[in-house]
>>> print(open('final_4.json').read())   # JSON, C-alpha atoms
[["chain", "number", "residue", "atom", "x", "y", "z"],
["A", 22, "MET", "CA", 98.14, 118.41, 131.90],
["A", 23, "GLY", "CA", 96.49, 115.00, 131.94],
["A", 24, "PRO", "CA", 95.90, 112.80, 128.89],
["A", 25, "PRO", "CA", 92.97, 113.57, 126.57],
["A", 26, "PRO", "CA", 89.71, 111.68, 127.09],
["A", 27, "GLY", "CA", 90.08, 108.03, 126.16],
["A", 28, "LEU", "CA", 93.82, 107.90, 126.80],
["A", 29, "PRO", "CA", 95.22, 106.04, 129.83],
["A", 30, "ALA", "CA", 96.82, 107.79, 132.76],
["A", 31, "PRO", "CA", 100.54, 108.15, 132.02],
["A", 32, "ALA", "CA", 103.27, 106.56, 134.08],
["A", 33, "PRO", "CA", 104.88, 108.82, 136.73],
["A", 34, "ALA", "CA", 107.51, 111.07, 135.21],
["A", 35, "ARG", "CA", 111.12, 110.15, 135.87],
["A", 36, "PRO", "CA", 113.89, 112.71, 136.46],
["A", 37, "ILE", "CA", 115.20, 113.88, 133.12],
["A", 38, "GLU", "CA", 118.76, 112.78, 133.92],
["A", 39, "ASN", "CA", 117.53, 109.21, 134.37],
["A", 40, "ILE", "CA", 115.34, 108.93, 131.28],
["A", 41, "GLN", "CA", 116.09, 105.77, 129.35],
["A", 42, "ARG", "CA", 115.97, 105.33, 125.61],
["A", 43, "ASN", "CA", 113.08, 103.01, 124.79],
["A", 44, "PHE", "CA", 113.02, 100.66, 121.84],
["A", 45, "TYR", "CA", 110.08, 98.38, 121.23],
["A", 46, "ASN", "CA", 110.91, 95.66, 118.72],
["A", 47, "HIS", "CA", 108.53, 93.63, 116.58],
["A", 48, "ASN", "CA", 107.65, 91.41, 119.54],
["A", 49, "ASN", "CA", 106.98, 94.47, 121.71],
["A", 50, "GLN", "CA", 109.81, 93.39, 123.96],
["A", 51, "PHE", "CA", 111.19, 96.28, 125.95],
["A", 52, "ARG", "CA", 114.89, 97.13, 125.69],
["A", 53, "THR", "CA", 116.60, 100.09, 127.30],
["A", 54, "THR", "CA", 119.98, 101.77, 127.27],
["A", 55, "ILE", "CA", 120.91, 104.87, 129.21],
["A", 56, "THR", "CA", 121.01, 108.03, 127.16],
["A", 57, "THR", "CA", 121.35, 111.71, 127.99],
["A", 58, "PHE", "CA", 118.93, 114.38, 126.90],
["A", 59, "ALA", "CA", 119.48, 118.09, 126.56],
["A", 60, "ASN", "CA", 117.00, 120.56, 125.12],
["A", 61, "ILE", "CA", 115.60, 118.58, 122.20],
["A", 62, "THR", "CA", 114.43, 115.01, 121.61],
["A", 63, "GLY", "CA", 112.15, 112.88, 119.45],
["A", 64, "ILE", "CA", 110.13, 109.69, 119.04],
["A", 65, "PHE", "CA", 109.69, 107.73, 115.79],
["A", 66, "PHE", "CA", 107.01, 105.24, 114.72],
["A", 67, "ASP", "CA", 107.49, 102.90, 111.74],
["A", 68, "ASN", "CA", 106.35, 99.44, 110.67],
["A", 69, "ASP", "CA", 109.60, 98.68, 108.81],
["A", 70, "GLU", "CA", 112.28, 97.36, 111.13],
["A", 71, "ASN", "CA", 114.99, 98.22, 108.59],
["A", 72, "LYS", "CA", 113.96, 101.87, 108.80],
["A", 73, "ILE", "CA", 113.91, 101.65, 112.59],
["A", 74, "ASP", "CA", 117.48, 100.31, 112.40],
["A", 75, "GLN", "CA", 118.53, 103.16, 110.10],
["A", 76, "VAL", "CA", 117.26, 105.81, 112.49],
["A", 77, "ARG", "CA", 118.87, 104.05, 115.46],
["A", 78, "LYS", "CA", 122.18, 103.98, 113.56],
["A", 79, "TYR", "CA", 122.24, 107.75, 112.97],
["A", 80, "CYS", "CA", 120.19, 109.11, 115.87],
["A", 81, "ASN", "CA", 120.90, 107.98, 119.43],
["A", 82, "ASN", "CA", 118.49, 110.47, 120.97],
["A", 83, "ILE", "CA", 115.25, 109.37, 119.27],
["A", 84, "ILE", "CA", 112.99, 106.79, 120.89],
["A", 85, "LEU", "CA", 111.94, 104.08, 118.45],
["A", 86, "VAL", "CA", 108.57, 102.32, 118.34],
["A", 87, "LYS", "CA", 108.10, 99.38, 115.95],
["A", 88, "ILE", "CA", 104.59, 99.03, 114.52],
["A", 89, "PRO", "CA", 103.40, 95.48, 113.64],
["A", 90, "GLU", "CA", 102.89, 94.46, 110.02],
["A", 91, "SER", "CA", 102.15, 91.49, 107.80],
["A", 92, "GLU", "CA", 104.70, 90.16, 105.34],
["A", 93, "TYR", "CA", 104.35, 92.08, 102.09],
["A", 94, "ASP", "CA", 103.54, 88.97, 100.08],
["A", 95, "GLU", "CA", 100.65, 88.28, 102.44],
["A", 96, "ILE", "CA", 98.87, 91.54, 101.57],
["A", 97, "ARG", "CA", 99.36, 91.57, 97.78],
["A", 98, "ASP", "CA", 95.83, 90.27, 97.24],
["A", 99, "LYS", "CA", 94.20, 91.82, 100.32],
["A", 100, "ASN", "CA", 91.68, 94.64, 100.34],
["A", 101, "ILE", "CA", 89.59, 96.58, 102.81],
["A", 102, "VAL", "CA", 86.45, 94.62, 101.96],
["A", 103, "THR", "CA", 87.83, 91.20, 102.86],
["A", 104, "GLU", "CA", 90.02, 92.39, 105.73],
["A", 105, "LEU", "CA", 87.78, 94.95, 107.45],
["A", 106, "LEU", "CA", 84.25, 95.44, 106.11],
["A", 107, "SER", "CA", 83.44, 91.73, 105.97],
["A", 108, "LYS", "CA", 84.01, 91.63, 109.73],
["A", 109, "ASN", "CA", 82.87, 95.14, 110.67],
["A", 110, "ALA", "CA", 80.38, 96.55, 108.17],
["A", 111, "THR", "CA", 79.96, 99.75, 110.19],
["A", 112, "ALA", "CA", 83.66, 100.66, 110.26],
["A", 113, "PHE", "CA", 82.76, 103.45, 107.81],
["A", 114, "ASP", "CA", 80.04, 104.36, 105.32],
["A", 115, "ALA", "CA", 81.38, 102.57, 102.26],
["A", 116, "VAL", "CA", 78.29, 103.38, 100.19],
["A", 117, "ASN", "CA", 78.94, 107.13, 100.34],
["A", 118, "ASN", "CA", 82.73, 107.12, 100.58],
["A", 119, "ILE", "CA", 84.22, 108.64, 97.42],
["A", 120, "TYR", "CA", 87.56, 106.86, 97.74],
["A", 121, "PHE", "CA", 85.85, 103.51, 98.23],
["A", 122, "GLU", "CA", 83.74, 104.22, 95.16],
["A", 123, "LEU", "CA", 86.87, 104.98, 93.18],
["A", 124, "ILE", "CA", 88.54, 101.72, 94.17],
["A", 125, "VAL", "CA", 85.46, 99.55, 93.57],
["A", 126, "ARG", "CA", 84.25, 101.23, 90.37],
["A", 127, "ASN", "CA", 87.63, 100.86, 88.71],
["A", 128, "ARG", "CA", 87.97, 97.27, 89.88],
["A", 129, "ILE", "CA", 91.16, 97.94, 91.82],
["A", 130, "LYS", "CA", 90.99, 94.56, 93.52],
["A", 131, "HIS", "CA", 93.98, 94.88, 95.82],
["A", 132, "ASP", "CA", 94.60, 98.00, 97.88],
["A", 133, "LYS", "CA", 97.09, 96.12, 100.08],
["A", 134, "PHE", "CA", 95.13, 96.70, 103.26],
["A", 135, "ASP", "CA", 97.09, 95.25, 106.21],
["A", 136, "LYS", "CA", 94.84, 94.43, 109.16],
["A", 137, "LEU", "CA", 97.85, 93.89, 111.44],
["A", 138, "SER", "CA", 99.42, 97.25, 110.73],
["A", 139, "GLY", "CA", 98.96, 100.80, 111.93],
["A", 140, "ILE", "CA", 99.44, 102.64, 115.19],
["A", 141, "GLN", "CA", 97.01, 101.34, 117.81],
["A", 142, "GLN", "CA", 96.17, 102.30, 121.39],
["A", 143, "GLU", "CA", 99.12, 100.37, 122.84],
["A", 144, "HIS", "CA", 101.52, 102.51, 120.81],
["A", 145, "ILE", "CA", 99.75, 105.70, 121.87],
["A", 146, "ASP", "CA", 100.22, 104.56, 125.48],
["A", 147, "LYS", "CA", 103.97, 104.56, 124.87],
["A", 148, "LEU", "CA", 103.69, 108.03, 123.35],
["A", 149, "VAL", "CA", 101.85, 109.27, 126.46],
["A", 150, "GLU", "CA", 104.65, 107.89, 128.65],
["A", 151, "TRP", "CA", 107.28, 109.60, 126.48],
["A", 152, "ILE", "CA", 105.44, 112.92, 126.68],
["A", 153, "GLN", "CA", 105.39, 112.74, 130.47],
["A", 154, "ASN", "CA", 109.01, 111.65, 130.75],
["A", 155, "THR", "CA", 110.25, 114.48, 128.51],
["A", 156, "LYS", "CA", 108.00, 117.29, 129.74],
["A", 157, "ASP", "CA", 111.00, 119.40, 130.85],
["A", 158, "ILE", "CA", 112.66, 119.28, 127.43],
["A", 159, "ASN", "CA", 112.32, 122.48, 125.43],
["A", 160, "SER", "CA", 111.80, 121.07, 121.93],
["A", 161, "ARG", "CA", 110.19, 117.74, 121.04],
["A", 162, "TYR", "CA", 109.43, 116.06, 117.72],
["A", 163, "ALA", "CA", 107.13, 113.13, 116.92],
["A", 164, "PHE", "CA", 108.08, 111.42, 113.63],
["A", 165, "PHE", "CA", 105.59, 109.18, 111.84],
["A", 166, "ASP", "CA", 105.97, 106.89, 108.85],
["A", 167, "TRP", "CA", 102.96, 106.97, 106.53],
["A", 168, "ASP", "CA", 102.24, 103.60, 104.85],
["A", 169, "ARG", "CA", 101.12, 100.92, 107.30],
["A", 170, "THR", "CA", 101.94, 103.17, 110.26],
["A", 171, "LEU", "CA", 99.46, 106.03, 110.03],
["A", 172, "SER", "CA", 97.66, 104.48, 107.06],
["A", 173, "MET", "CA", 96.76, 100.79, 107.17],
["A", 174, "CYS", "CA", 97.38, 100.44, 103.42],
["A", 175, "GLU", "CA", 100.59, 100.13, 101.47],
["A", 176, "GLY", "CA", 100.27, 103.01, 99.01],
["A", 177, "THR", "CA", 97.33, 105.15, 97.92],
["A", 178, "THR", "CA", 95.65, 106.58, 94.82],
["A", 179, "LEU", "CA", 95.84, 110.37, 94.84],
["A", 180, "PRO", "CA", 93.38, 112.70, 93.06],
["A", 181, "ILE", "CA", 95.98, 113.55, 90.40],
["A", 182, "ASP", "CA", 95.79, 109.91, 89.29],
["A", 183, "ALA", "CA", 92.22, 110.57, 88.20],
["A", 184, "LEU", "CA", 93.64, 112.69, 85.40],
["A", 185, "THR", "CA", 96.58, 110.52, 84.41],
["A", 186, "GLN", "CA", 95.64, 106.86, 84.71],
["A", 187, "LYS", "CA", 93.38, 105.46, 82.01],
["A", 188, "ASN", "CA", 91.51, 103.12, 84.32],
["A", 189, "ILE", "CA", 90.67, 106.05, 86.62],
["A", 190, "ALA", "CA", 90.29, 108.96, 84.22],
["A", 191, "ASN", "CA", 86.63, 108.21, 83.52],
["A", 192, "SER", "CA", 85.70, 107.57, 87.12],
["A", 193, "ASP", "CA", 82.66, 109.56, 88.19],
["A", 194, "ALA", "CA", 83.94, 109.35, 91.74],
["A", 195, "TYR", "CA", 86.73, 111.85, 91.10],
["A", 196, "LYS", "CA", 85.47, 113.37, 87.85],
["A", 197, "PHE", "CA", 82.51, 114.90, 89.67],
["A", 198, "TYR", "CA", 84.78, 116.56, 92.22],
["A", 199, "LYS", "CA", 87.06, 118.08, 89.56],
["A", 200, "VAL", "CA", 90.37, 118.06, 91.39],
["A", 201, "LYS", "CA", 92.46, 119.81, 88.76],
["A", 202, "GLN", "CA", 95.14, 121.60, 90.77],
["A", 203, "PRO", "CA", 95.74, 121.61, 94.55],
["A", 204, "ASP", "CA", 95.07, 125.34, 94.72],
["A", 205, "GLN", "CA", 92.28, 125.58, 92.12],
["A", 206, "SER", "CA", 89.70, 123.16, 93.43],
["A", 207, "ASP", "CA", 86.36, 123.78, 95.03],
["A", 208, "VAL", "CA", 87.29, 123.77, 98.72],
["A", 209, "GLU", "CA", 84.21, 121.94, 99.97],
["A", 210, "ARG", "CA", 84.48, 119.21, 97.35],
["A", 211, "GLU", "CA", 88.19, 118.83, 97.86],
["A", 212, "ASN", "CA", 87.79, 118.55, 101.62],
["A", 213, "ARG", "CA", 85.25, 115.79, 101.04],
["A", 214, "ILE", "CA", 87.70, 113.83, 98.93],
["A", 215, "TYR", "CA", 90.54, 114.04, 101.45],
["A", 216, "GLU", "CA", 88.27, 113.26, 104.39],
["A", 217, "ASP", "CA", 86.93, 110.15, 102.65],
["A", 218, "MET", "CA", 90.48, 109.12, 101.77],
["A", 219, "SER", "CA", 91.54, 109.63, 105.39],
["A", 220, "ILE", "CA", 88.69, 107.48, 106.72],
["A", 221, "TYR", "CA", 89.46, 104.71, 104.24],
["A", 222, "LEU", "CA", 93.25, 104.71, 104.73],
["A", 223, "ALA", "CA", 92.92, 104.83, 108.52],
["A", 224, "GLY", "CA", 90.76, 101.73, 108.48],
["A", 225, "GLY", "CA", 87.54, 103.41, 109.52],
["A", 226, "ASN", "CA", 86.11, 106.28, 111.54],
["A", 227, "ALA", "CA", 87.05, 104.99, 114.97],
["A", 228, "ARG", "CA", 90.75, 104.59, 114.29],
["A", 229, "LEU", "CA", 90.95, 107.92, 112.46],
["A", 230, "GLN", "CA", 89.40, 109.65, 115.48],
["A", 231, "MET", "CA", 91.84, 107.86, 117.78],
["A", 232, "LEU", "CA", 94.75, 109.16, 115.70],
["A", 233, "ARG", "CA", 93.35, 112.68, 115.60],
["A", 234, "ASP", "CA", 93.01, 112.61, 119.40],
["A", 235, "MET", "CA", 96.67, 111.61, 119.47],
["A", 236, "PHE", "CA", 97.62, 114.51, 117.21],
["A", 237, "ASN", "CA", 95.55, 116.87, 119.36],
["A", 238, "MET", "CA", 97.52, 115.69, 122.38],
["A", 239, "LEU", "CA", 100.81, 116.36, 120.58],
["A", 240, "HIS", "CA", 99.64, 119.77, 119.40],
["A", 241, "ASN", "CA", 98.43, 120.75, 122.87],
["A", 242, "ASN", "CA", 101.83, 119.81, 124.28],
["A", 243, "SER", "CA", 103.66, 121.89, 121.62],
["A", 244, "ILE", "CA", 105.25, 118.77, 120.12],
["A", 245, "LYS", "CA", 106.09, 119.13, 116.44],
["A", 246, "ILE", "CA", 104.49, 116.54, 114.14],
["A", 247, "VAL", "CA", 106.67, 115.27, 111.27],
["A", 248, "ILE", "CA", 105.75, 112.82, 108.49],
["A", 249, "LEU", "CA", 108.95, 110.87, 107.71],
["A", 250, "THR", "CA", 108.12, 108.73, 104.69],
["A", 251, "ASN", "CA", 109.52, 106.91, 101.68],
["A", 252, "ASN", "CA", 106.17, 107.17, 99.88],
["A", 253, "GLY", "CA", 107.08, 108.25, 96.36],
["A", 254, "ALA", "CA", 104.18, 110.71, 96.19],
["A", 255, "CYS", "CA", 105.98, 112.86, 98.74],
["A", 256, "VAL", "CA", 108.79, 113.65, 96.27],
["A", 257, "LYS", "CA", 107.06, 113.54, 92.87],
["A", 258, "LYS", "CA", 106.36, 117.03, 91.56],
["A", 259, "THR", "CA", 102.99, 116.02, 90.16],
["A", 260, "GLN", "CA", 101.87, 114.39, 93.41],
["A", 261, "SER", "CA", 103.64, 115.99, 96.39],
["A", 262, "LEU", "CA", 101.15, 118.82, 96.94],
["A", 263, "TYR", "CA", 98.26, 116.38, 96.83],
["A", 264, "PHE", "CA", 100.01, 114.03, 99.25],
["A", 265, "MET", "CA", 100.73, 116.84, 101.69],
["A", 266, "LYS", "CA", 97.13, 118.05, 101.52],
["A", 267, "LEU", "CA", 95.95, 114.54, 102.29],
["A", 268, "ALA", "CA", 98.38, 114.22, 105.21],
["A", 269, "ARG", "CA", 97.30, 117.55, 106.69],
["A", 270, "LYS", "CA", 93.65, 116.55, 106.42],
["A", 271, "PHE", "CA", 94.42, 113.16, 107.94],
["A", 272, "VAL", "CA", 96.27, 114.71, 110.89],
["A", 273, "GLY", "CA", 93.85, 117.59, 111.34],
["A", 274, "TYR", "CA", 96.51, 120.33, 111.43],
["A", 275, "ASP", "CA", 98.22, 122.37, 108.73],
["A", 276, "ASP", "CA", 101.43, 123.07, 110.65],
["A", 277, "ILE", "CA", 102.95, 119.62, 110.24],
["A", 278, "GLU", "CA", 106.36, 119.03, 108.70],
["A", 279, "PHE", "CA", 107.54, 116.56, 106.05],
["A", 280, "VAL", "CA", 110.76, 114.64, 105.52],
["A", 281, "CYS", "CA", 110.46, 112.90, 102.13],
["A", 282, "SER", "CA", 113.26, 110.35, 102.23],
["A", 283, "SER", "CA", 112.66, 107.96, 99.31],
["A", 284, "ASN", "CA", 115.63, 109.37, 97.33],
["A", 285, "ILE", "CA", 118.01, 109.80, 100.28],
["A", 286, "LEU", "CA", 121.29, 107.88, 100.03],
["A", 287, "ASP", "CA", 124.26, 108.06, 102.37],
["A", 288, "ILE", "CA", 127.22, 107.93, 99.97],
["A", 289, "ASN", "CA", 129.44, 106.86, 102.88],
["A", 290, "ASN", "CA", 127.17, 103.88, 103.54],
["A", 291, "PRO", "CA", 125.74, 102.99, 100.11],
["A", 292, "THR", "CA", 124.87, 99.46, 101.23],
["A", 293, "ASP", "CA", 122.02, 100.96, 103.25],
["A", 294, "GLY", "CA", 120.41, 101.83, 99.90],
["A", 295, "THR", "CA", 118.09, 104.71, 99.05],
["A", 296, "GLY", "CA", 115.31, 105.71, 101.36],
["A", 297, "ASN", "CA", 117.67, 105.99, 104.32],
["A", 298, "LYS", "CA", 115.52, 107.63, 106.98],
["A", 299, "GLY", "CA", 118.31, 107.87, 109.52],
["A", 300, "HIS", "CA", 120.56, 109.75, 107.12],
["A", 301, "ALA", "CA", 117.60, 111.90, 106.05],
["A", 302, "LEU", "CA", 117.35, 113.17, 109.62],
["A", 303, "ALA", "CA", 121.07, 113.34, 110.44],
["A", 304, "SER", "CA", 121.95, 115.21, 107.24],
["A", 305, "ASN", "CA", 119.27, 117.85, 107.79],
["A", 306, "PRO", "CA", 120.57, 120.61, 110.11],
["A", 307, "LYS", "CA", 117.17, 120.99, 111.74],
["A", 308, "TYR", "CA", 116.66, 117.33, 112.55],
["A", 309, "LYS", "CA", 120.32, 116.61, 113.20],
["A", 310, "ALA", "CA", 119.80, 118.48, 116.46],
["A", 311, "VAL", "CA", 117.04, 116.00, 117.36],
["A", 312, "CYS", "CA", 119.39, 113.09, 116.63],
["A", 313, "GLU", "CA", 122.12, 114.52, 118.86],
["A", 314, "GLY", "CA", 119.89, 115.90, 121.58],
["A", 315, "VAL", "CA", 121.14, 119.47, 121.58],
["A", 316, "ILE", "CA", 120.21, 122.66, 119.77],
["A", 317, "LYS", "CA", 123.09, 124.97, 118.89],
["A", 318, "GLY", "CA", 123.73, 127.16, 121.89],
["A", 319, "GLY", "CA", 121.90, 124.79, 124.23],
["A", 320, "ARG", "CA", 123.46, 122.97, 127.15],
["A", 321, "ARG", "CA", 123.90, 119.22, 126.92],
["A", 322, "LEU", "CA", 123.12, 117.18, 130.01],
["A", 323, "HIS", "CA", 126.00, 114.77, 130.29],
["A", 324, "ARG", "CA", 127.85, 113.04, 133.08],
["A", 325, "ARG", "CA", 131.09, 114.55, 131.78],
["A", 326, "ARG", "CA", 130.00, 117.91, 133.19],
["A", 327, "ASN", "CA", 129.97, 116.46, 136.72],
["A", 328, "HIS", "CA", 133.42, 114.98, 136.18],
["A", 329, "THR", "CA", 134.70, 118.36, 134.99],
["A", 330, "ARG", "CA", 133.34, 120.09, 138.09],
["A", 331, "LYS", "CA", 135.10, 117.62, 140.37],
["A", 332, "HIS", "CA", 138.30, 118.05, 138.40],
["A", 333, "ARG", "CA", 138.11, 121.81, 138.72],
["A", 334, "HIS", "CA", 137.44, 121.51, 142.46],
["A", 335, "ARG", "CA", 140.52, 119.33, 142.90],
["A", 336, "ARG", "CA", 142.65, 121.80, 140.93],
["A", 337, "HIS", "CA", 141.35, 124.66, 143.06],
["A", 338, "LYS", "CA", 142.19, 122.85, 146.30],
["A", 339, "THR", "CA", 145.67, 121.97, 145.00],
["A", 340, "ARG", "CA", 146.42, 125.59, 144.14],
["A", 341, "ARG", "CA", 145.19, 126.72, 147.54],
["A", 342, "HIS", "CA", 147.55, 124.32, 149.38],
["A", 343, "LYS", "CA", 150.61, 125.26, 147.31]]
>>> encode(input="final_4.json", output="structure tokens")
Amino acid sequence: MGPPPGLPAPAPARPIENIQRNFYNHNNQFRTTITTFANITGIFFDNDENKIDQVRKYCNNIILVKIPESEYDEIRDKNIVTELLSKNATAFDAVNNIYFELIVRNRIKHDKFDKLSGIQQEHIDKLVEWIQNTKDINSRYAFFDWDRTLSMCEGTTLPIDALTQKNIANSDAYKFYKVKQPDQSDVERENRIYEDMSIYLAGGNARLQMLRDMFNMLHNNSIKIVILTNNGACVKKTQSLYFMKLARKFVGYDDIEFVCSSNILDINNPTDGTGNKGHALASNPKYKAVCEGVIKGGRRLHRRRNHTRKHRHRRHKTRRHK
């Protein structure tokens, strides 16, 4: 099938045996090394080059795409008003956006909005190329970091915070919508909250729609969508259900998967520290297969098989001449 409306025509597909492993570094320079694929593969997007390195260290069968970012110190005092709305007032309806109201009303001055960050069309173009080049592979996974990759902010304020943080507890923005428990809220009101949060965190309506078109493309191609994140809300008992509801609303599908890696440590490589995304994948039986490129019982495409055939042929000829 062709790309969805608004996406460029993909590059011609290459034979699966000749697919190269693509890594786009922070300068978007293109580097390749030959790899072999079998019946499973993946692609991973992240703004943090250290996390890209971790996945490359543990998973030689996942294509890596580095998303641009600002230095963290540069965004400490940045917010969506100064970085986006001052230049594009119609990016979204700030007047009626509940999440924007929450941030402004409680004088949260710095939401760490990074105007350089986030997946953009050029990264989706690389995804389209990968989809075409791997169309004969049985099982494919697209892994996405959350902060400053899908979202353009570093961190977020979840509805549960409206009940726990003093500076938010009295906010009419969330108080009116009464988000008490993830499974006990008024559905319409809750959907409004998560939609407004999605618009805000995506950096406006246009980018959110672009990402949802991307997720539609993945879904239509039966590619599994996985959020691979070190965001602490993904592992905290009081916040994880809220975070996952937000992510599902953001993506537009419920059948997405989560790898919450903020507490993951490889005891054999402790210097890598916690939040080791590569080890999080390689130590999980399900995603280990993506790292290695073969599902149990599947056949690995490898040059060694050709060598073995030749060897067997030589042995057969030798026996015949004896």
>>> closest_residue(input="final_4.json", among="A:Lys245, A:Phe279, A:Ile119, A:Pro291", to="Glu211 (chain A)", atoms="all atoms listed in the file")
A:Ile119
>>> closest_residue(input="final_4.json", among="A:Asn284, A:Asn237, A:Ser304, A:Ser219", to="Asn251 (chain A)", atoms="only C-alpha atoms")
A:Asn284
>>> closest_residue(input="final_4.json", among="A:Leu106, A:Leu171, A:Ala115, A:Cys255", to="Met231 (chain A)", atoms="only C-alpha atoms")
A:Leu171
>>> residues_near_point(input="final_4.json", point="(101.4, 97.9, 106.1)", cutoff="8 Å", atoms="only C-alpha atoms", output="PDB file with C-alpha atoms, keeping the file's coordinate frame")
ATOM      1  CA  ASN A  68     106.350  99.440 110.670  1.00  0.00           C
ATOM      2  CA  GLU A  90     102.890  94.460 110.020  1.00  0.00           C
ATOM      3  CA  SER A  91     102.150  91.490 107.800  1.00  0.00           C
ATOM      4  CA  TYR A  93     104.350  92.080 102.090  1.00  0.00           C
ATOM      5  CA  LYS A 133      97.090  96.120 100.080  1.00  0.00           C
ATOM      6  CA  PHE A 134      95.130  96.700 103.260  1.00  0.00           C
ATOM      7  CA  ASP A 135      97.090  95.250 106.210  1.00  0.00           C
ATOM      8  CA  LEU A 137      97.850  93.890 111.440  1.00  0.00           C
ATOM      9  CA  SER A 138      99.420  97.250 110.730  1.00  0.00           C
ATOM     10  CA  GLY A 139      98.960 100.800 111.930  1.00  0.00           C
ATOM     11  CA  ASP A 168     102.240 103.600 104.850  1.00  0.00           C
ATOM     12  CA  ARG A 169     101.120 100.920 107.300  1.00  0.00           C
ATOM     13  CA  THR A 170     101.940 103.170 110.260  1.00  0.00           C
ATOM     14  CA  SER A 172      97.660 104.480 107.060  1.00  0.00           C
ATOM     15  CA  MET A 173      96.760 100.790 107.170  1.00  0.00           C
ATOM     16  CA  CYS A 174      97.380 100.440 103.420  1.00  0.00           C
ATOM     17  CA  GLU A 175     100.590 100.130 101.470  1.00  0.00           C
TER      18      GLU A 175
END
>>> residues_around(input="final_4.json", residues="Gln142 (chain A)", least_positions_apart="4", cutoff="12 Å", atoms="only C-alpha atoms", output="PyMOL selection string")
chain A and resi 27-29+88+146-149+227-232+234-235
>>> residues_around(input="final_4.json", residues="Asn118 (chain A)", least_positions_apart="4", cutoff="10 Å", atoms="all atoms listed in the file", output="list in words")
Phe113, Asp114, Glu122, Leu123, Ala194, Arg213, Ile214, Glu216, Asp217, Met218, Ile220 and Tyr221 of chain A
>>> closest_residue(input="final_4.json", among="A:His300, A:Arg233, A:Lys258, A:Lys307", to="Tyr274 (chain A)", atoms="all atoms listed in the file")
A:Arg233
>>> atom_distance(input="final_4.json", atom1="CA of Ile316 (chain A)", atom2="CA of Asp74 (chain A)")
23.7 Å
>>> atom_distance(input="final_4.json", atom1="CA of Asn252 (chain A)", atom2="CA of Gly176 (chain A)")
7.3 Å
>>> atom_distance(input="final_4.json", atom1="CA of Met265 (chain A)", atom2="CA of Trp167 (chain A)")
11.2 Å
